[in-house]
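Just below is one structure, and these are the notes that go with it.
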2 protein chains.
Amino acid sequence: MNSAPQEVLNSDVAHGVFQLPGRLSLHHGGSLEQPLLGWRLAGRAGAPIVVALGGISAHQCVFDRSQPRDGWWHEVVGPGLALDSDRVRILGIDYLGGSGESTGPAAGGVFPSLSSYDQAQALCLLLDHLKIERLRAIVGASYGGMVALAFGETHAARVEQLIVISGADRAHPMATAWRSVQRRIARFALGSGRSADGLELARALAMATYRSPDEFAVRFDQPPRQIDGRFVFPVEEYLFARGRDYATRYRPESFLCLSESIDLHSVDATRVKTPTSLVAIREDQLVPIADMRALLSRLPQGRLHELSSTHGHDAFLKEAAALEPIFKSVYGVPSS
Amino acid sequence: MNSAPQEVLNSDVAHGVFQLPGRLSLHHGGSLEQPLLGWRLAGRAGAPIVVALGGISAHQCVFDRSQPRDGWWHEVVGPGLALDSDRVRILGIDYLGGSGESTGPAAGGVFPSLSSYDQAQALCLLLDHLKIERLRAIVGASYGGMVALAFGETHAARVEQLIVISGADRAHPMATAWRSVQRRIARFALGSGRSADGLELARALAMATYRSPDEFAVRFDQPPRQIDGRFVFPVEEYLFARGRDYATRYRPESFLCLSESIDLHSVDATRVKTPTSLVAIREDQLVPIADMRALLSRLPQGRLHELSSTHGHDAFLKEAAALEPIFKSVYGVPSS
């Protein structure tokens, strides 16, 4: 099951499912017995390694040259792109608790609460396994930014720098409010035997929080249509189309686990000794810019880039041009 | 069923259920046959009459001296308060389609889509019935502000001025997004035979949109508690306590009807000839200040008061001191 490290670091693309040695004790109590962790390495062989972590729906495939749409960060990461895989090698993982190849909740099963610290610990054990002594950087967005901060606090010796996009040391209570409603919807639907419908509803709500009001005002400035005798609004059609698509690809139990993990996230920023570049989006409804500024004030070695984007919290997926100069520091070039 | 007008205007409190004459043709098609409209008049007998309209959960009882908590606007309207019932007489109504004494959807029943124009038309017929030739003002907040604008467009001769708080000529697509999700939740739960649970979920989500992130950041800055083996966040406890309470008092079918009516609202502001004072809250997530400024630019006779309040969209329920000078114009005194 586990690949041979030497070969892994020198091939174009390598992928494996790593079985963690022994028991992984969890931050909020309980443990996972020899859990699996899906991973994928791609980019220039032998180059410095950068871990790229995204939101709770992200996975090990950060970019894929042969199947571009399969990479969750394909607009930003890849050969010649903002985060250039011709200059660094990209390591992606499936989160514990998620819907990928890593250990996660079974359908209808009970699963312990996961912390961003647990993801960081699993990542560190994977680095041991792959014989990666020190990462050039962790670039994390959204939940991935939270995991990056947790890693920086607990494993500072294993990473040179962090780039944390739209993720803070704690979740904002308004964002917790929206996610709490999403989880209650998903659990309600699970209890009604209609789990896919519940995940569709929860994801539709989540989508509304990921974007900015200004984007919606421009995109959905049309009157409703009558469908089956009921008015359906353009923004409603969009949200539920995205929700339906999501429900075919993700398990409700995984959504519940990782959504909760965001809200449980709480790191001590004063102990994150790794040099950290924060990237904050002024239009982000989920991670208010004030929270990113407050995080900056607590970081021993932090700097903050403030960007504007109508994509709001999802800006990290879209704003390649704005991110490119910030990413330059991972090649050993000072960022502007 | 219908009270005698003379007596009504001169008594301390009068209340009735008015049966509209004939058929009420609806703006979006269909009609209601002799629908009922619950109403209540209170305040100084013989004084100029001001209609006070609130959100979709508001009702005919704007304030009640003997049972203060029964009035939906009791912190703002009453004897000696910001809108002073010793100086004007307050008329409140139950919205068509709502959970009060007016005609609304039966449990599980089909009900036509309602427009803010339909509410305005019903109100105008009530004024005929009560022999109120001209209102001193309509003071409307949230959905009530939308109805006030519809009334100003279609019945300008019947009202001297409008005060429109946190309501625009159209709903913002982001607000429509949040309400669409609420309605889908409520319908999903109706279809699962658990309508009260659905209304609880929908209302919990609505509550999050009514307040500002800054208010939640201060109020809910505590870690989660473990309840029945699951983490429950302070903001989650609050939202669902409010949602449960709401579900005991309102019918899901009424919620669906009036929530949709907000999103269908679309008036031509250039045709609102009535002098109109707009009140916008900078922290309002549902009605962005940019939309209120755009509305101002379209109104023939408008002015705009911009306020700040951490109560966000709910500011009209709480910010009596800030509203008081704006309300002075209804007594015949120019507002500051």
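Letters A, B, ... mark the chains of the structure tokens in the order given; residue numbers begin at 1 per chain; ligand numbers begin at 1, in order shown.
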Kindly provide, as a ChimeraX atom specification, the residues of chain B having any atom no farther than 6 Å from an atom of chain A, counting only C-alpha atoms. /B:173-174,177,180,213,216-217,235-236
If you keep N, CA, C and O atoms, can you produce a file of those selected residues as a PDB file, in the first residue's frame?
```
ATOM      1  N   PRO B 173     -30.115  39.858  -4.584  1.00  0.00           N
ATOM      2  CA  PRO B 173     -29.974  38.424  -4.892  1.00  0.00           C
ATOM      3  C   PRO B 173     -29.323  37.600  -3.777  1.00  0.00           C
ATOM      4  O   PRO B 173     -29.637  36.413  -3.627  1.00  0.00           O
ATOM      5  N   MET B 174     -28.416  38.192  -2.990  1.00  0.00           N
ATOM      6  CA  MET B 174     -27.838  37.411  -1.892  1.00  0.00           C
ATOM      7  C   MET B 174     -28.894  37.135  -0.828  1.00  0.00           C
ATOM      8  O   MET B 174     -28.937  36.039  -0.259  1.00  0.00           O
ATOM      9  N   ALA B 177     -30.986  34.500  -2.064  1.00  0.00           N
ATOM     10  CA  ALA B 177     -30.291  33.214  -1.899  1.00  0.00           C
ATOM     11  C   ALA B 177     -30.592  32.630  -0.521  1.00  0.00           C
ATOM     12  O   ALA B 177     -31.008  31.469  -0.393  1.00  0.00           O
ATOM     13  N   SER B 180     -34.241  31.657  -0.250  1.00  0.00           N
ATOM     14  CA  SER B 180     -34.557  30.473  -1.066  1.00  0.00           C
ATOM     15  C   SER B 180     -34.188  29.199  -0.322  1.00  0.00           C
ATOM     16  O   SER B 180     -34.938  28.214  -0.342  1.00  0.00           O
ATOM     17  N   PRO B 213     -22.386  40.405  11.860  1.00  0.00           N
ATOM     18  CA  PRO B 213     -21.256  39.612  12.360  1.00  0.00           C
ATOM     19  C   PRO B 213     -20.635  40.221  13.615  1.00  0.00           C
ATOM     20  O   PRO B 213     -20.235  39.482  14.527  1.00  0.00           O
ATOM     21  N   PHE B 216     -22.568  39.165  16.726  1.00  0.00           N
ATOM     22  CA  PHE B 216     -22.334  37.759  17.066  1.00  0.00           C
ATOM     23  C   PHE B 216     -20.924  37.552  17.624  1.00  0.00           C
ATOM     24  O   PHE B 216     -20.716  36.722  18.508  1.00  0.00           O
ATOM     25  N   ALA B 217     -19.951  38.306  17.083  1.00  0.00           N
ATOM     26  CA  ALA B 217     -18.568  38.141  17.547  1.00  0.00           C
ATOM     27  C   ALA B 217     -18.461  38.460  19.035  1.00  0.00           C
ATOM     28  O   ALA B 217     -17.721  37.810  19.772  1.00  0.00           O
ATOM     29  N   VAL B 235     -23.495  30.150  19.503  1.00  0.00           N
ATOM     30  CA  VAL B 235     -24.372  30.802  18.530  1.00  0.00           C
ATOM     31  C   VAL B 235     -25.430  29.824  18.012  1.00  0.00           C
ATOM     32  O   VAL B 235     -26.567  30.215  17.731  1.00  0.00           O
ATOM     33  N   GLU B 236     -25.065  28.564  17.953  1.00  0.00           N
ATOM     34  CA  GLU B 236     -26.006  27.526  17.504  1.00  0.00           C
ATOM     35  C   GLU B 236     -27.140  27.365  18.524  1.00  0.00           C
ATOM     36  O   GLU B 236     -28.316  27.296  18.153  1.00  0.00           O
TER      37      GLU B 236
END
```
Which neighbours of segment 133-150 of chain A fall inside 8 Å, counting only C-alpha atoms, when residues of the same chain fewer than 5 positions from it are skipped, and could you give them as an NGL selection string?
:A and (48-56 or 116-117 or 119-120 or 127-128 or 157-169 or 262 or 265 or 267 or 269 or 272 or 313 or 316 or 330)
Exercise for review: Give the strand (DSSP E or B) residues of segment 122-151 of chain B, as assigned by DSSP on the backbone, as a VMD selection string.
Suggested key: chain B and resid 135 137 to 141
